[in-house]
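Data block below; observations after.
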Amino acid sequence: MGERPVGRYVVSYGRAGNVSTDQVIRGCRIVVPESQADAYADGQTFANGAELWPCPDEVDGNVSRKRNWVLDNAPEDDVLLLDDDYEYVGFIEQRKQHRLDLDGVDRLIATGFELMHDVRTAKWGLNQQVDPKFYREYAPLSFTLPALGPWQGFSRSMLGDLRYDVTLDRKEDYDLSLQVARRFHRVLRLNKYHYAVDHFGRGGGVVSQRTLAEEERQLHRLRAKWGHDVVSWNLGKSVNPRVRIPIPGM
């Protein structure tokens with residue numbers, strides 16, 4: 001059997017001329033609001049087979065709505081949702097960082113989707129930590145950690161009716177990981193591999209709309225949905241929650 005076809009979708013907003021993911025990952029479709037498509041087309045020449053894939057303006061203004069639109073409209077069953085500000089994809093070996101080339105990223109994508117189907121879950125992702133101290137040498141993959149926004153792979157047929165919660169458009173990736181874990185009892189995360197993104201250095205994007213008050217409001221909403229035993233946080237250290245998926249396993 002050949003490799004499964006995988007749609008690679010980069011959701012972008014307000015970053016015409018400043019998308020970098022096409023330099024790191026082949027064959028991306030850059031999902032932008034129709035009203036911004038001309039600015040993106042004029043702003044840069046996309047690399048490695050990337051192309052624009054405009055979405056209706058009515059789904060704009062909320063990253064969850066745009067990602068749901070991709071899940072509802074992508075022609076492929078296997079879909080990889082990506083951020084637009086990638087610097088590289090890499091891995092840790094002997095406490096040293098190594099960066100994947102385009103072929104290496106292709107192999108990682110194929111392997112991740114194959115493993116996701118093998119373990120019978122609907123979502124997979126990568127480690128978000130680039131520091132070697134966070135590499136779990138004896139746990140190269142896990143089933144009880146969330147797969148976060150910049151890299152989220154799905155089987156649309158297995159995912160079924162599960163979608164991003166549009167009321168949690170800052171914590172939507174945590175929420176959908178919990179939804180998948182509740183239904184499939186696992187979320188696949190490849191701890192060996194990580195991504196590096198530049199959320200704050202490029203302007204535009206969702207981060208341009210973030211405030212501490214909104215982050216805290218979203219944290220309370222996430223915890224109200226899933227409970228104190230599952231969701232906690234320390235705003236003194238991070239605006240991101242600590243999520244404990246209450247399922248035994250790695």
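Going by the structure tokens order, chains are called A, B, ..., each with residues numbered from 1, while ligands are numbered from 1 in the order shown.
Look at Asp22 of chain A: the protein and nucleic acid residues within 7 Å of it, using only C-alpha atoms and passing over chain neighbours fewer than 2 places away, are A:Ser20, A:Val24, A:Ile25, A:Arg26, A:Cys28, A:Phe46, A:Ala47, A:Asn48, A:Ala50.
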Expected file: the selected residues, C-alpha atoms, as a compact mmCIF listing (two decimals), in the first residue's frame:
# COMPACT_ATOMS: atom_id res chain seq x y z
CA SER A 20 7.06 31.06 6.83
CA VAL A 24 9.58 24.23 6.24
CA ILE A 25 6.76 21.95 5.02
CA ARG A 26 5.91 20.98 1.44
CA CYS A 28 0.71 23.47 2.15
CA PHE A 46 5.03 30.78 -1.78
CA ALA A 47 7.60 27.99 -1.80
CA ASN A 48 7.55 24.19 -2.04
CA ALA A 50 2.19 25.93 -1.35
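In this comparison, which uses only C-alpha atoms, the residue of A:Ser177, A:Gln44, A:Asn68, A:Asn18 approaching Ala122 of chain A most closely is A:Ser177.
You will find atom CA of Gln129 of chain A at 6.3 Å from atom CA of His194 of chain A.
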Output as a PyMOL selection string all residues of segment 16-182 of chain A that backbone DSSP marks as alpha helix (DSSP H).
chain A and resi 37-43+63-73+102-118+156-159+172-182
What are the closest atom pairs, with distances in Å to one decimal, for all residues of segment 92-123 of chain A lying within 10 Å of segment 142-146 of chain A? Consider only C-alpha atoms, order rows by chain and residue number, and present the result as CSV.
residue,atom,partner,partner_atom,distance
A:Val119,CA,A:Phe143,CA,9.6
A:Thr121,CA,A:Phe143,CA,9.5
A:Lys123,CA,A:Pro146,CA,9.5
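Going from atom CA of Gln97 of chain A to atom CA of Val19 of chain A covers 23.8 Å.
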Long-range neighbours of Thr167 of chain A as a PyMOL selection string, 10 Å cut-off, only C-alpha atoms, 4 positions minimum in chain
chain A and resi 62+64-65+171-172+218+221-222
Export N, CA, C and O atoms of the chosen residues as a PDB file, in the first residue's frame?
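Contents of again02.pdb, freshly written:
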ATOM      1  N   ASN A  62     -12.266  33.972  14.160  1.00  0.00           N
ATOM      2  CA  ASN A  62     -12.215  32.968  15.220  1.00  0.00           C
ATOM      3  C   ASN A  62     -11.461  31.766  14.664  1.00  0.00           C
ATOM      4  O   ASN A  62     -11.911  31.138  13.695  1.00  0.00           O
ATOM      5  N   SER A  64     -11.051  28.837  15.760  1.00  0.00           N
ATOM      6  CA  SER A  64     -11.788  27.575  15.844  1.00  0.00           C
ATOM      7  C   SER A  64     -12.734  27.412  14.673  1.00  0.00           C
ATOM      8  O   SER A  64     -12.859  26.320  14.104  1.00  0.00           O
ATOM      9  N   ARG A  65     -13.423  28.493  14.297  1.00  0.00           N
ATOM     10  CA  ARG A  65     -14.334  28.414  13.148  1.00  0.00           C
ATOM     11  C   ARG A  65     -13.565  28.091  11.868  1.00  0.00           C
ATOM     12  O   ARG A  65     -14.025  27.302  11.032  1.00  0.00           O
ATOM     13  N   LYS A 171      -8.005  28.376  23.645  1.00  0.00           N
ATOM     14  CA  LYS A 171      -7.653  27.094  24.272  1.00  0.00           C
ATOM     15  C   LYS A 171      -8.320  25.936  23.539  1.00  0.00           C
ATOM     16  O   LYS A 171      -8.522  24.857  24.089  1.00  0.00           O
ATOM     17  N   GLU A 172      -8.630  26.153  22.279  1.00  0.00           N
ATOM     18  CA  GLU A 172      -9.392  25.169  21.503  1.00  0.00           C
ATOM     19  C   GLU A 172      -8.630  23.873  21.288  1.00  0.00           C
ATOM     20  O   GLU A 172      -9.225  22.796  21.185  1.00  0.00           O
ATOM     21  N   GLN A 218     -10.611  32.556  29.241  1.00  0.00           N
ATOM     22  CA  GLN A 218     -10.639  31.295  28.510  1.00  0.00           C
ATOM     23  C   GLN A 218     -10.221  30.124  29.406  1.00  0.00           C
ATOM     24  O   GLN A 218     -10.770  29.028  29.292  1.00  0.00           O
ATOM     25  N   ARG A 221     -13.154  29.217  31.464  1.00  0.00           N
ATOM     26  CA  ARG A 221     -14.164  28.533  30.650  1.00  0.00           C
ATOM     27  C   ARG A 221     -13.759  27.089  30.379  1.00  0.00           C
ATOM     28  O   ARG A 221     -14.589  26.182  30.434  1.00  0.00           O
ATOM     29  N   LEU A 222     -12.480  26.859  30.098  1.00  0.00           N
ATOM     30  CA  LEU A 222     -12.000  25.496  29.867  1.00  0.00           C
ATOM     31  C   LEU A 222     -12.176  24.649  31.120  1.00  0.00           C
ATOM     32  O   LEU A 222     -12.620  23.488  31.050  1.00  0.00           O
TER      33      LEU A 222
END
Would you mind listing what lies within 12 Å of Pro75 of chain A as number ranges by chain, with only C-alpha atoms counted and same-chain residues fewer than 6 positions away left out?
A: 5-9, 69, 155-157
Output N, CA, C and O atoms for every residue in that selection, as a CSV table (one decimal), in the first residue's frame.
chain,number,residue,atom,x,y,z
A,5,PRO,N,-2.9,9.9,1.4
A,5,PRO,CA,-2.8,11.3,1.1
A,5,PRO,C,-3.2,12.1,2.3
A,5,PRO,O,-4.1,11.9,3.1
A,6,VAL,N,-2.4,13.2,2.5
A,6,VAL,CA,-2.5,14.0,3.7
A,6,VAL,C,-2.7,15.5,3.2
A,6,VAL,O,-1.8,16.0,2.5
A,7,GLY,N,-3.7,16.1,3.6
A,7,GLY,CA,-3.9,17.5,3.3
A,7,GLY,C,-3.2,18.3,4.4
A,7,GLY,O,-3.4,18.1,5.6
A,8,ARG,N,-2.4,19.3,4.0
A,8,ARG,CA,-1.6,20.1,4.9
A,8,ARG,C,-2.1,21.6,4.8
A,8,ARG,O,-1.9,22.2,3.8
A,9,TYR,N,-2.7,22.0,5.9
A,9,TYR,CA,-3.5,23.3,5.9
A,9,TYR,C,-2.9,24.2,6.9
A,9,TYR,O,-2.8,23.9,8.1
A,69,TRP,N,-13.9,24.8,9.6
A,69,TRP,CA,-14.2,24.9,8.2
A,69,TRP,C,-13.3,24.0,7.4
A,69,TRP,O,-13.7,23.3,6.4
A,155,SER,N,-7.7,12.2,11.6
A,155,SER,CA,-8.5,11.5,10.6
A,155,SER,C,-9.9,12.0,10.7
A,155,SER,O,-10.6,11.9,11.7
A,156,ARG,N,-10.4,12.6,9.6
A,156,ARG,CA,-11.7,13.2,9.7
A,156,ARG,C,-12.8,12.2,9.8
A,156,ARG,O,-13.8,12.4,10.5
A,157,SER,N,-12.6,11.0,9.2
A,157,SER,CA,-13.7,9.9,9.4
A,157,SER,C,-13.7,9.4,10.8
A,157,SER,O,-14.8,9.1,11.3
Closest pair table for segment 149-191 of chain A residues within 9 Å of segment 233-247 of chain A, only C-alpha atoms, as a tab-separated table:
residue	atom	partner	partner_atom	distance
A:Lys171	CA	A:Asn240	CA	8.0
A:Tyr174	CA	A:Val243	CA	7.5
A:Ser177	CA	A:Ile245	CA	8.9
A:Leu178	CA	A:Ile245	CA	6.8
A:Ala181	CA	A:Ile245	CA	7.3
A:Arg182	CA	A:Ile245	CA	8.6
A:His185	CA	A:Ile247	CA	6.7
A:Arg186	CA	A:Ile247	CA	7.8
Store the residues picked out above, limited to all heavy atoms, as a PDB file, in the first residue's frame.
ATOM      1  N   LYS A 171      -8.005  28.376  23.645  1.00  0.00           N
ATOM      2  CA  LYS A 171      -7.653  27.094  24.272  1.00  0.00           C
ATOM      3  C   LYS A 171      -8.320  25.936  23.539  1.00  0.00           C
ATOM      4  O   LYS A 171      -8.522  24.857  24.089  1.00  0.00           O
ATOM      5  CB  LYS A 171      -8.094  27.086  25.752  1.00  0.00           C
ATOM      6  CG  LYS A 171      -7.657  28.297  26.549  1.00  0.00           C
ATOM      7  CD  LYS A 171      -6.141  28.460  26.575  1.00  0.00           C
ATOM      8  CE  LYS A 171      -5.749  29.745  27.291  1.00  0.00           C
ATOM      9  NZ  LYS A 171      -4.312  30.074  27.095  1.00  0.00           N
ATOM     10  N   TYR A 174      -6.416  22.440  23.394  1.00  0.00           N
ATOM     11  CA  TYR A 174      -6.531  21.646  24.625  1.00  0.00           C
ATOM     12  C   TYR A 174      -7.898  20.960  24.689  1.00  0.00           C
ATOM     13  O   TYR A 174      -8.005  19.776  25.018  1.00  0.00           O
ATOM     14  CB  TYR A 174      -6.352  22.531  25.859  1.00  0.00           C
ATOM     15  CG  TYR A 174      -4.967  23.089  26.031  1.00  0.00           C
ATOM     16  CD1 TYR A 174      -4.635  24.351  25.537  1.00  0.00           C
ATOM     17  CD2 TYR A 174      -3.982  22.366  26.693  1.00  0.00           C
ATOM     18  CE1 TYR A 174      -3.361  24.874  25.700  1.00  0.00           C
ATOM     19  CE2 TYR A 174      -2.704  22.879  26.865  1.00  0.00           C
ATOM     20  CZ  TYR A 174      -2.396  24.130  26.366  1.00  0.00           C
ATOM     21  OH  TYR A 174      -1.126  24.639  26.522  1.00  0.00           O
ATOM     22  N   SER A 177      -8.265  18.070  22.211  1.00  0.00           N
ATOM     23  CA  SER A 177      -7.489  16.920  22.692  1.00  0.00           C
ATOM     24  C   SER A 177      -8.266  16.167  23.766  1.00  0.00           C
ATOM     25  O   SER A 177      -8.286  14.922  23.789  1.00  0.00           O
ATOM     26  CB  SER A 177      -6.138  17.376  23.249  1.00  0.00           C
ATOM     27  OG  SER A 177      -5.261  17.791  22.220  1.00  0.00           O
ATOM     28  N   LEU A 178      -8.906  16.898  24.661  1.00  0.00           N
ATOM     29  CA  LEU A 178      -9.706  16.250  25.703  1.00  0.00           C
ATOM     30  C   LEU A 178     -10.917  15.549  25.116  1.00  0.00           C
ATOM     31  O   LEU A 178     -11.293  14.451  25.557  1.00  0.00           O
ATOM     32  CB  LEU A 178     -10.128  17.288  26.743  1.00  0.00           C
ATOM     33  CG  LEU A 178      -9.020  17.775  27.672  1.00  0.00           C
ATOM     34  CD1 LEU A 178      -9.438  19.045  28.404  1.00  0.00           C
ATOM     35  CD2 LEU A 178      -8.642  16.688  28.671  1.00  0.00           C
ATOM     36  N   ALA A 181      -9.581  12.356  23.603  1.00  0.00           N
ATOM     37  CA  ALA A 181      -9.201  11.406  24.657  1.00  0.00           C
ATOM     38  C   ALA A 181     -10.427  10.769  25.293  1.00  0.00           C
ATOM     39  O   ALA A 181     -10.421   9.569  25.606  1.00  0.00           O
ATOM     40  CB  ALA A 181      -8.366  12.123  25.716  1.00  0.00           C
ATOM     41  N   ARG A 182     -11.468  11.534  25.486  1.00  0.00           N
ATOM     42  CA  ARG A 182     -12.682  10.980  26.088  1.00  0.00           C
ATOM     43  C   ARG A 182     -13.308   9.915  25.184  1.00  0.00           C
ATOM     44  O   ARG A 182     -13.786   8.896  25.661  1.00  0.00           O
ATOM     45  CB  ARG A 182     -13.692  12.092  26.362  1.00  0.00           C
ATOM     46  CG  ARG A 182     -14.995  11.607  27.002  1.00  0.00           C
ATOM     47  CD  ARG A 182     -15.850  12.757  27.464  1.00  0.00           C
ATOM     48  NE  ARG A 182     -16.228  13.636  26.369  1.00  0.00           N
ATOM     49  CZ  ARG A 182     -16.939  14.758  26.532  1.00  0.00           C
ATOM     50  NH1 ARG A 182     -17.325  15.129  27.748  1.00  0.00           N
ATOM     51  NH2 ARG A 182     -17.243  15.516  25.487  1.00  0.00           N
ATOM     52  N   HIS A 185      -9.862   7.302  24.195  1.00  0.00           N
ATOM     53  CA  HIS A 185      -9.014   6.924  25.326  1.00  0.00           C
ATOM     54  C   HIS A 185      -7.531   7.123  25.053  1.00  0.00           C
ATOM     55  O   HIS A 185      -6.702   6.551  25.766  1.00  0.00           O
ATOM     56  CB  HIS A 185      -9.291   5.472  25.756  1.00  0.00           C
ATOM     57  CG  HIS A 185     -10.721   5.244  26.107  1.00  0.00           C
ATOM     58  ND1 HIS A 185     -11.303   5.740  27.253  1.00  0.00           N
ATOM     59  CD2 HIS A 185     -11.700   4.597  25.439  1.00  0.00           C
ATOM     60  CE1 HIS A 185     -12.578   5.394  27.277  1.00  0.00           C
ATOM     61  NE2 HIS A 185     -12.846   4.710  26.199  1.00  0.00           N
ATOM     62  N   ARG A 186      -7.198   7.934  24.083  1.00  0.00           N
ATOM     63  CA  ARG A 186      -5.793   8.249  23.824  1.00  0.00           C
ATOM     64  C   ARG A 186      -5.701   9.386  22.809  1.00  0.00           C
ATOM     65  O   ARG A 186      -6.550   9.526  21.936  1.00  0.00           O
ATOM     66  CB  ARG A 186      -5.018   7.032  23.313  1.00  0.00           C
ATOM     67  CG  ARG A 186      -5.510   6.465  22.002  1.00  0.00           C
ATOM     68  CD  ARG A 186      -4.798   5.163  21.640  1.00  0.00           C
ATOM     69  NE  ARG A 186      -5.139   4.115  22.568  1.00  0.00           N
ATOM     70  CZ  ARG A 186      -6.200   3.324  22.439  1.00  0.00           C
ATOM     71  NH1 ARG A 186      -7.033   3.476  21.414  1.00  0.00           N
ATOM     72  NH2 ARG A 186      -6.429   2.368  23.316  1.00  0.00           N
TER      73      ARG A 186
END
Can you tell me which residues surround Asp131 of chain A at a distance of at most 12 Å, considering only C-alpha atoms, apart from same-chain residues fewer than 4 positions away, and format the answer as an NGL selection string?
:A and (90-93 or 95-98 or 127 or 135-136 or 191-196)
Write the residues of the preceding selection, restricted to N, CA and C atoms, as an mmCIF file, in the first residue's frame.
data_model
loop_
_atom_site.group_PDB
_atom_site.id
_atom_site.type_symbol
_atom_site.label_atom_id
_atom_site.label_comp_id
_atom_site.auth_asym_id
_atom_site.auth_seq_id
_atom_site.Cartn_x
_atom_site.Cartn_y
_atom_site.Cartn_z
ATOM 1 N N GLY A 90 12.081 19.660 14.370
ATOM 2 C CA GLY A 90 13.323 18.996 14.736
ATOM 3 C C GLY A 90 13.130 17.882 15.738
ATOM 4 N N PHE A 91 14.260 17.352 16.196
ATOM 5 C CA PHE A 91 14.226 16.299 17.208
ATOM 6 C C PHE A 91 15.485 16.412 18.063
ATOM 7 N N ILE A 92 15.425 15.749 19.218
ATOM 8 C CA ILE A 92 16.540 15.739 20.159
ATOM 9 C C ILE A 92 17.173 14.350 20.152
ATOM 10 N N GLU A 93 18.495 14.329 20.067
ATOM 11 C CA GLU A 93 19.221 13.059 20.147
ATOM 12 C C GLU A 93 20.546 13.333 20.841
ATOM 13 N N ARG A 95 20.947 14.731 23.571
ATOM 14 C CA ARG A 95 20.781 16.085 24.104
ATOM 15 C C ARG A 95 21.181 17.176 23.119
ATOM 16 N N LYS A 96 21.225 16.837 21.839
ATOM 17 C CA LYS A 96 21.499 17.821 20.804
ATOM 18 C C LYS A 96 20.289 17.960 19.895
ATOM 19 N N GLN A 97 20.084 19.171 19.440
ATOM 20 C CA GLN A 97 18.955 19.459 18.579
ATOM 21 C C GLN A 97 19.326 19.273 17.109
ATOM 22 N N HIS A 98 18.447 18.621 16.374
ATOM 23 C CA HIS A 98 18.635 18.396 14.943
ATOM 24 C C HIS A 98 17.403 18.888 14.195
ATOM 25 N N ASN A 127 5.728 17.272 20.316
ATOM 26 C CA ASN A 127 6.169 17.984 21.508
ATOM 27 C C ASN A 127 6.298 19.475 21.184
ATOM 28 N N TYR A 135 12.962 16.629 26.612
ATOM 29 C CA TYR A 135 12.856 15.417 25.805
ATOM 30 C C TYR A 135 12.780 14.205 26.713
ATOM 31 N N ARG A 136 11.753 13.405 26.538
ATOM 32 C CA ARG A 136 11.536 12.227 27.375
ATOM 33 C C ARG A 136 12.169 11.015 26.696
ATOM 34 N N ASN A 191 6.815 12.510 21.317
ATOM 35 C CA ASN A 191 7.596 13.378 22.187
ATOM 36 C C ASN A 191 8.996 13.658 21.661
ATOM 37 N N LYS A 192 9.514 12.775 20.825
ATOM 38 C CA LYS A 192 10.881 12.978 20.318
ATOM 39 C C LYS A 192 10.960 14.212 19.421
ATOM 40 N N TYR A 193 9.909 14.467 18.668
ATOM 41 C CA TYR A 193 9.930 15.531 17.665
ATOM 42 C C TYR A 193 9.235 16.779 18.189
ATOM 43 N N HIS A 194 9.742 17.933 17.787
ATOM 44 C CA HIS A 194 9.170 19.189 18.240
ATOM 45 C C HIS A 194 9.120 20.175 17.076
ATOM 46 N N TYR A 195 8.377 21.226 17.286
ATOM 47 C CA TYR A 195 8.297 22.316 16.314
ATOM 48 C C TYR A 195 8.737 23.613 16.992
ATOM 49 N N ALA A 196 9.233 24.538 16.196
ATOM 50 C CA ALA A 196 9.549 25.879 16.680
ATOM 51 C C ALA A 196 8.778 26.875 15.826
#
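Atom to atom, atom CA of Phe154 of chain A and atom CA of Asp78 of chain A stand 5.7 Å apart.
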Those of segment 9-234 of chain A in DSSP strand (DSSP E), formatted as a CSV table (one decimal) with N, CA and C atoms, in the first residue's frame:
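Result saved to result-v9.csv:
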chain,number,residue,atom,x,y,z
A,9,TYR,N,-2.7,22.0,5.9
A,9,TYR,CA,-3.5,23.3,5.9
A,9,TYR,C,-2.9,24.2,6.9
A,10,VAL,N,-2.5,25.4,6.4
A,10,VAL,CA,-1.9,26.5,7.3
A,10,VAL,C,-3.0,27.6,7.4
A,11,VAL,N,-3.5,27.7,8.6
A,11,VAL,CA,-4.5,28.8,8.9
A,11,VAL,C,-3.8,30.1,9.2
A,28,CYS,N,1.7,22.9,1.2
A,28,CYS,CA,0.7,23.5,2.2
A,28,CYS,C,-0.4,24.2,1.4
A,29,ARG,N,-1.6,24.2,1.9
A,29,ARG,CA,-2.6,25.1,1.5
A,29,ARG,C,-2.8,26.2,2.5
A,30,ILE,N,-2.6,27.4,2.1
A,30,ILE,CA,-2.6,28.6,3.0
A,30,ILE,C,-4.1,29.1,3.1
A,31,VAL,N,-4.7,28.8,4.3
A,31,VAL,CA,-6.1,29.1,4.4
A,31,VAL,C,-6.2,30.6,4.9
A,51,GLU,N,0.0,26.8,-1.9
A,51,GLU,CA,-1.0,27.6,-2.6
A,51,GLU,C,-2.0,28.2,-1.7
A,52,LEU,N,-2.7,29.2,-2.1
A,52,LEU,CA,-3.7,29.8,-1.3
A,52,LEU,C,-5.0,29.0,-1.4
A,78,ASP,N,-7.2,12.4,5.9
A,78,ASP,CA,-6.2,12.7,6.8
A,78,ASP,C,-5.8,14.2,6.6
A,79,VAL,N,-5.9,15.0,7.7
A,79,VAL,CA,-5.7,16.4,7.6
A,79,VAL,C,-4.7,16.9,8.7
A,80,LEU,N,-3.7,17.6,8.3
A,80,LEU,CA,-2.7,18.2,9.2
A,80,LEU,C,-3.0,19.7,9.2
A,81,LEU,N,-3.3,20.2,10.4
A,81,LEU,CA,-3.5,21.7,10.6
A,81,LEU,C,-2.3,22.3,11.2
A,82,LEU,N,-1.8,23.4,10.6
A,82,LEU,CA,-0.5,24.0,11.0
A,82,LEU,C,-0.7,25.5,11.2
A,86,TYR,N,6.1,28.9,11.2
A,86,TYR,CA,7.1,27.8,11.5
A,86,TYR,C,8.5,28.3,11.2
A,87,GLU,N,9.4,28.0,12.1
A,87,GLU,CA,10.9,28.2,11.9
A,87,GLU,C,11.5,26.9,11.5
A,88,TYR,N,11.2,25.8,12.2
A,88,TYR,CA,11.7,24.5,11.8
A,88,TYR,C,10.9,23.4,12.6
A,89,VAL,N,11.1,22.2,12.1
A,89,VAL,CA,10.7,21.0,12.8
A,89,VAL,C,12.0,20.2,13.1
A,90,GLY,N,12.1,19.7,14.4
A,90,GLY,CA,13.3,19.0,14.7
A,90,GLY,C,13.1,17.9,15.7
A,91,PHE,N,14.3,17.4,16.2
A,91,PHE,CA,14.2,16.3,17.2
A,91,PHE,C,15.5,16.4,18.1
A,92,ILE,N,15.4,15.7,19.2
A,92,ILE,CA,16.5,15.7,20.2
A,92,ILE,C,17.2,14.4,20.2
A,93,GLU,N,18.5,14.3,20.1
A,93,GLU,CA,19.2,13.1,20.1
A,93,GLU,C,20.5,13.3,20.8
A,96,LYS,N,21.2,16.8,21.8
A,96,LYS,CA,21.5,17.8,20.8
A,96,LYS,C,20.3,18.0,19.9
A,97,GLN,N,20.1,19.2,19.4
A,97,GLN,CA,19.0,19.5,18.6
A,97,GLN,C,19.3,19.3,17.1
A,98,HIS,N,18.4,18.6,16.4
A,98,HIS,CA,18.6,18.4,14.9
A,98,HIS,C,17.4,18.9,14.2
A,99,ARG,N,17.6,19.5,13.1
A,99,ARG,CA,16.5,20.1,12.3
A,99,ARG,C,16.2,19.2,11.1
A,123,LYS,N,-6.4,11.8,16.6
A,123,LYS,CA,-5.6,13.0,16.6
A,123,LYS,C,-4.2,12.7,17.1
A,124,TRP,N,-3.2,13.4,16.4
A,124,TRP,CA,-1.8,13.2,16.9
A,124,TRP,C,-1.1,14.6,16.7
A,125,GLY,N,0.0,14.7,17.5
A,125,GLY,CA,0.8,15.9,17.4
A,125,GLY,C,2.2,15.7,17.9
A,126,LEU,N,2.9,16.8,18.1
A,126,LEU,CA,4.3,16.7,18.5
A,126,LEU,C,4.5,17.4,19.8
A,127,ASN,N,5.7,17.3,20.3
A,127,ASN,CA,6.2,18.0,21.5
A,127,ASN,C,6.3,19.5,21.2
A,141,LEU,N,6.9,8.4,22.8
A,141,LEU,CA,5.5,8.8,22.4
A,141,LEU,C,4.7,8.7,23.7
A,142,SER,N,3.5,9.3,23.6
A,142,SER,CA,2.6,9.3,24.8
A,142,SER,C,1.2,9.3,24.3
A,151,TRP,N,0.6,22.1,15.4
A,151,TRP,CA,0.7,20.9,14.7
A,151,TRP,C,-0.3,19.9,15.2
A,152,GLN,N,-1.4,19.7,14.4
A,152,GLN,CA,-2.5,18.8,14.8
A,152,GLN,C,-2.9,18.0,13.6
A,153,GLY,N,-2.7,16.7,13.7
A,153,GLY,CA,-3.1,15.8,12.7
A,153,GLY,C,-4.4,15.1,13.0
A,154,PHE,N,-5.3,14.9,12.1
A,154,PHE,CA,-6.6,14.3,12.3
A,154,PHE,C,-7.0,13.3,11.2
A,155,SER,N,-7.7,12.2,11.6
A,155,SER,CA,-8.5,11.5,10.6
A,155,SER,C,-9.9,12.0,10.7
A,188,LEU,N,-2.4,10.6,20.5
A,188,LEU,CA,-1.0,10.3,20.2
A,188,LEU,C,-0.1,11.5,20.1
A,189,ARG,N,1.0,11.6,20.9
A,189,ARG,CA,1.9,12.6,20.7
A,189,ARG,C,3.3,12.0,20.6
A,190,LEU,N,4.1,12.5,19.6
A,190,LEU,CA,5.4,12.0,19.4
A,190,LEU,C,6.4,13.0,20.2
A,191,ASN,N,6.8,12.5,21.3
A,191,ASN,CA,7.6,13.4,22.2
A,191,ASN,C,9.0,13.7,21.7
A,192,LYS,N,9.5,12.8,20.8
A,192,LYS,CA,10.9,13.0,20.3
A,192,LYS,C,11.0,14.2,19.4
A,193,TYR,N,9.9,14.5,18.7
A,193,TYR,CA,9.9,15.5,17.7
A,193,TYR,C,9.2,16.8,18.2
A,194,HIS,N,9.7,17.9,17.8
A,194,HIS,CA,9.2,19.2,18.2
A,194,HIS,C,9.1,20.2,17.1
A,195,TYR,N,8.4,21.2,17.3
A,195,TYR,CA,8.3,22.3,16.3
A,195,TYR,C,8.7,23.6,17.0
A,196,ALA,N,9.2,24.5,16.2
A,196,ALA,CA,9.5,25.9,16.7
A,196,ALA,C,8.8,26.9,15.8
A,197,VAL,N,8.0,27.7,16.5
A,197,VAL,CA,7.2,28.7,15.8
A,197,VAL,C,7.5,30.1,16.4
A,231,VAL,N,-8.1,20.5,34.6
A,231,VAL,CA,-7.5,21.8,34.1
A,231,VAL,C,-7.0,22.6,35.3
A,232,SER,N,-5.8,23.0,35.3
A,232,SER,CA,-5.3,24.0,36.3
A,232,SER,C,-4.3,24.9,35.6
